[in-house]
Amino acid sequence: MRGIFVTGTGTGVGKTFVTAAWTRELRRRGNAALALKPIACGGREDAEQFAAANDGTLTLNQINPVHLAAPLSPYAACLAAGKPFDLSVLRESMRVLTMTHAGPFLVEGIGGWLVPLTANYFVRDWARELALPVAIVAPATLGMLNHTLLTIESVRAAGCELAGVIVNHHPADGDDLAVATNTALLAELSAAPVFEFRTPEDLRRMPEWMICGC
């Protein structure tokens with residue numbers, strides 16, 4: 001598989017918003033990028049956003065083959081439904097997509113890096129199995145340094161390639177002191193490529209790692 005794995009420092013940090021805009025910009029440049037949300041718990045709004053970003057290239061079920069009803073972690077949602085998480089469905093859907101589409105694929109995880117899919121298989125393990133470079137989406141707000149540095153540390157410890165970090169300013173308050181200083185501090189402390197995302201128009205100047213990774 002060719003592409004990038006998009007994770008976050010937690011739920012609600014803007015992974016879908018960023019990934020959809022990223023996909024649109026790559027496609028505007030003539031790159032046949034496709035956004036995937038292979039696992040969804042609760043609604044399928046994220047997958048629907050990706051269907052639009054992909055210009056209708058893939059069906060909703062191709063984008064999101066594993067849909068669990070409860071808005072919980074996949075492991076908890078499966079416990080609530082009284083059934084195990086079927087990794088074979090996830091793996092087969094990805095295998096078929098790579099046979100029928102060249103990609104690159106922007107594969108969005110679910111929640112954060114250590115969200116459990118089963119009792120002993122986490123988003124981290126799934127990303128490692130896909131062997132894609134990892135991009136981390138982090139909110140620009142207070143507290144992001146701790147959450148992002150911990151995620152970076154775990155990505156590196158897992159032996160995964162860290163492509164970079166996207167600091168999502170939407171809908172952060174631009175006058176907040178933490179928002180104004182976090183990105184520079186994160187770049188200094190992590191020695192990772194960092195890109196500030198405020199609006200989709202910012203992606204007109206996306207760095208090479210966001211293009212080459214795809």
# chains A, B, ... in the order shown; residues from 1 in each chain; ligands from 1
$ residues_around --residues "Asn61 (chain A)" --least-positions-apart "5" --cutoff "12 Å" --atoms "only C-alpha atoms" --output "NGL selection string"
:A and (36-40 or 44 or 47-48 or 50-51 or 66-67 or 89-90 or 93-94 or 97)
$ write_last_selection --atoms "C-alpha atoms" --output "PDB file, in the first residue's frame"
ATOM      1  CA  LEU A  36     -10.167   5.993   3.734  1.00  0.00           C
ATOM      2  CA  LYS A  37     -11.919   5.623   7.091  1.00  0.00           C
ATOM      3  CA  PRO A  38     -11.739   1.811   7.402  1.00  0.00           C
ATOM      4  CA  ILE A  39     -13.212   1.742  10.934  1.00  0.00           C
ATOM      5  CA  ALA A  40     -16.083   3.895  12.186  1.00  0.00           C
ATOM      6  CA  ARG A  44     -20.531   7.388   9.280  1.00  0.00           C
ATOM      7  CA  ALA A  47     -16.695   8.379   5.685  1.00  0.00           C
ATOM      8  CA  GLU A  48     -19.293  10.517   3.933  1.00  0.00           C
ATOM      9  CA  PHE A  50     -14.251  11.281   2.464  1.00  0.00           C
ATOM     10  CA  ALA A  51     -16.619  10.088  -0.262  1.00  0.00           C
ATOM     11  CA  VAL A  66     -16.039  -1.827   9.344  1.00  0.00           C
ATOM     12  CA  HIS A  67     -18.940   0.079  10.904  1.00  0.00           C
ATOM     13  CA  VAL A  89     -12.740  -8.002   7.103  1.00  0.00           C
ATOM     14  CA  LEU A  90     -10.450  -5.016   7.660  1.00  0.00           C
ATOM     15  CA  SER A  93     -10.977  -4.761   2.246  1.00  0.00           C
ATOM     16  CA  MET A  94      -7.573  -3.086   2.233  1.00  0.00           C
ATOM     17  CA  LEU A  97      -8.503  -1.730  -2.651  1.00  0.00           C
TER      18      LEU A  97
END
$ residues_around --residues "Leu114 (chain A)" --least-positions-apart "5" --cutoff "7 Å" --atoms "only C-alpha atoms" --output "PyMOL selection string"
chain A and resi 122-124
$ atom_distance --atom1 "CA of Leu142 (chain A)" --atom2 "CA of Val155 (chain A)"
21.7 Å
$ closest_residue --among "A:Val194, A:Ala140, A:Leu26, A:Ala157" --to "Ala178 (chain A)" --atoms "only C-alpha atoms"
A:Ala140
$ atom_distance --atom1 "CA of His169 (chain A)" --atom2 "CA of Thr199 (chain A)"
8.2 Å
$ select_by_dssp --residues "region 83-128 of chain A" --states "helix (DSSP H, G or I)" --output "ChimeraX atom specification"
/A:87-100,123-128
$ write_last_selection --atoms "N, CA and C atoms" --output "compact mmCIF listing (two decimals), in the first residue's frame"
# COMPACT_ATOMS: atom_id res chain seq x y z
N LEU A 87 -10.83 -8.76 12.32
CA LEU A 87 -9.68 -8.18 11.62
C LEU A 87 -9.60 -8.64 10.17
N SER A 88 -10.14 -9.82 9.89
CA SER A 88 -10.05 -10.34 8.52
C SER A 88 -10.83 -9.46 7.54
N VAL A 89 -11.96 -8.90 7.96
CA VAL A 89 -12.74 -8.00 7.10
C VAL A 89 -11.92 -6.75 6.80
N LEU A 90 -11.28 -6.21 7.83
CA LEU A 90 -10.45 -5.02 7.66
C LEU A 90 -9.30 -5.29 6.68
N ARG A 91 -8.62 -6.40 6.89
CA ARG A 91 -7.46 -6.73 6.06
C ARG A 91 -7.85 -7.03 4.61
N GLU A 92 -8.96 -7.75 4.43
CA GLU A 92 -9.38 -8.11 3.07
C GLU A 92 -9.82 -6.88 2.29
N SER A 93 -10.52 -5.97 2.94
CA SER A 93 -10.98 -4.76 2.25
C SER A 93 -9.79 -3.93 1.79
N MET A 94 -8.77 -3.84 2.61
CA MET A 94 -7.57 -3.09 2.23
C MET A 94 -6.83 -3.79 1.10
N ARG A 95 -6.78 -5.09 1.15
CA ARG A 95 -6.10 -5.86 0.10
C ARG A 95 -6.79 -5.64 -1.25
N VAL A 96 -8.11 -5.69 -1.26
CA VAL A 96 -8.86 -5.52 -2.50
C VAL A 96 -8.67 -4.11 -3.06
N LEU A 97 -8.68 -3.11 -2.20
CA LEU A 97 -8.50 -1.73 -2.65
C LEU A 97 -7.14 -1.54 -3.32
N THR A 98 -6.11 -2.13 -2.74
CA THR A 98 -4.78 -1.96 -3.32
C THR A 98 -4.65 -2.71 -4.65
N MET A 99 -5.51 -3.69 -4.88
CA MET A 99 -5.49 -4.40 -6.16
C MET A 99 -6.23 -3.63 -7.24
N THR A 100 -7.20 -2.81 -6.84
CA THR A 100 -8.05 -2.12 -7.82
C THR A 100 -7.73 -0.64 -7.98
N VAL A 123 -4.65 0.56 17.50
CA VAL A 123 -4.42 1.34 16.29
C VAL A 123 -2.94 1.31 15.93
N ARG A 124 -2.09 1.40 16.93
CA ARG A 124 -0.63 1.31 16.72
C ARG A 124 -0.25 0.05 15.94
N ASP A 125 -0.82 -1.08 16.31
CA ASP A 125 -0.48 -2.36 15.66
C ASP A 125 -1.00 -2.41 14.23
N TRP A 126 -2.16 -1.82 14.03
CA TRP A 126 -2.74 -1.75 12.68
C TRP A 126 -1.86 -0.89 11.77
N ALA A 127 -1.44 0.27 12.27
CA ALA A 127 -0.57 1.15 11.48
C ALA A 127 0.75 0.46 11.16
N ARG A 128 1.27 -0.25 12.13
CA ARG A 128 2.54 -0.96 11.92
C ARG A 128 2.37 -2.05 10.86
$ atom_distance --atom1 "CA of Pro116 (chain A)" --atom2 "CA of Ala35 (chain A)"
21.8 Å
$ closest_residue --among "A:Gly143, A:Val137, A:Thr181, A:Val13" --to "Phe195 (chain A)" --atoms "only C-alpha atoms"
A:Val137
$ closest_residue --among "A:Gly103, A:Pro133, A:Pro200, A:Gly10" --to "Leu58 (chain A)" --atoms "only C-alpha atoms"
A:Gly103
$ closest_residue --among "A:Leu186, A:Ala76, A:Ala21, A:Val134" --to "Asn54 (chain A)" --atoms "only C-alpha atoms"
A:Ala21
$ residues_around --residues "Gly42 (chain A)" --least-positions-apart "3" --cutoff "8 Å" --atoms "only C-alpha atoms" --output "PyMOL selection string"
chain A and resi 67-72
$ write_last_selection --atoms "N, CA and C atoms" --output "tab-separated table (two decimals), in the first residue's frame"
chain	number	residue	atom	x	y	z
A	67	HIS	N	-18.10	-0.92	10.25
A	67	HIS	CA	-18.94	0.08	10.90
A	67	HIS	C	-19.58	-0.56	12.13
A	68	LEU	N	-19.28	-0.01	13.29
A	68	LEU	CA	-19.82	-0.50	14.56
A	68	LEU	C	-20.81	0.53	15.11
A	69	ALA	N	-21.91	0.05	15.66
A	69	ALA	CA	-23.02	0.95	16.01
A	69	ALA	C	-22.72	1.90	17.16
A	70	ALA	N	-22.07	1.41	18.21
A	70	ALA	CA	-21.88	2.24	19.41
A	70	ALA	C	-20.74	3.23	19.23
A	71	PRO	N	-20.91	4.48	19.67
A	71	PRO	CA	-19.86	5.49	19.57
A	71	PRO	C	-18.81	5.31	20.68
A	72	LEU	N	-18.08	4.22	20.57
A	72	LEU	CA	-17.08	3.84	21.57
A	72	LEU	C	-15.80	3.45	20.84
$ residues_around --residues "Leu130 (chain A)" --least-positions-apart "6" --cutoff "10 Å" --atoms "only C-alpha atoms" --output "PyMOL selection string"
chain A and resi 1-5+91+94+107+160
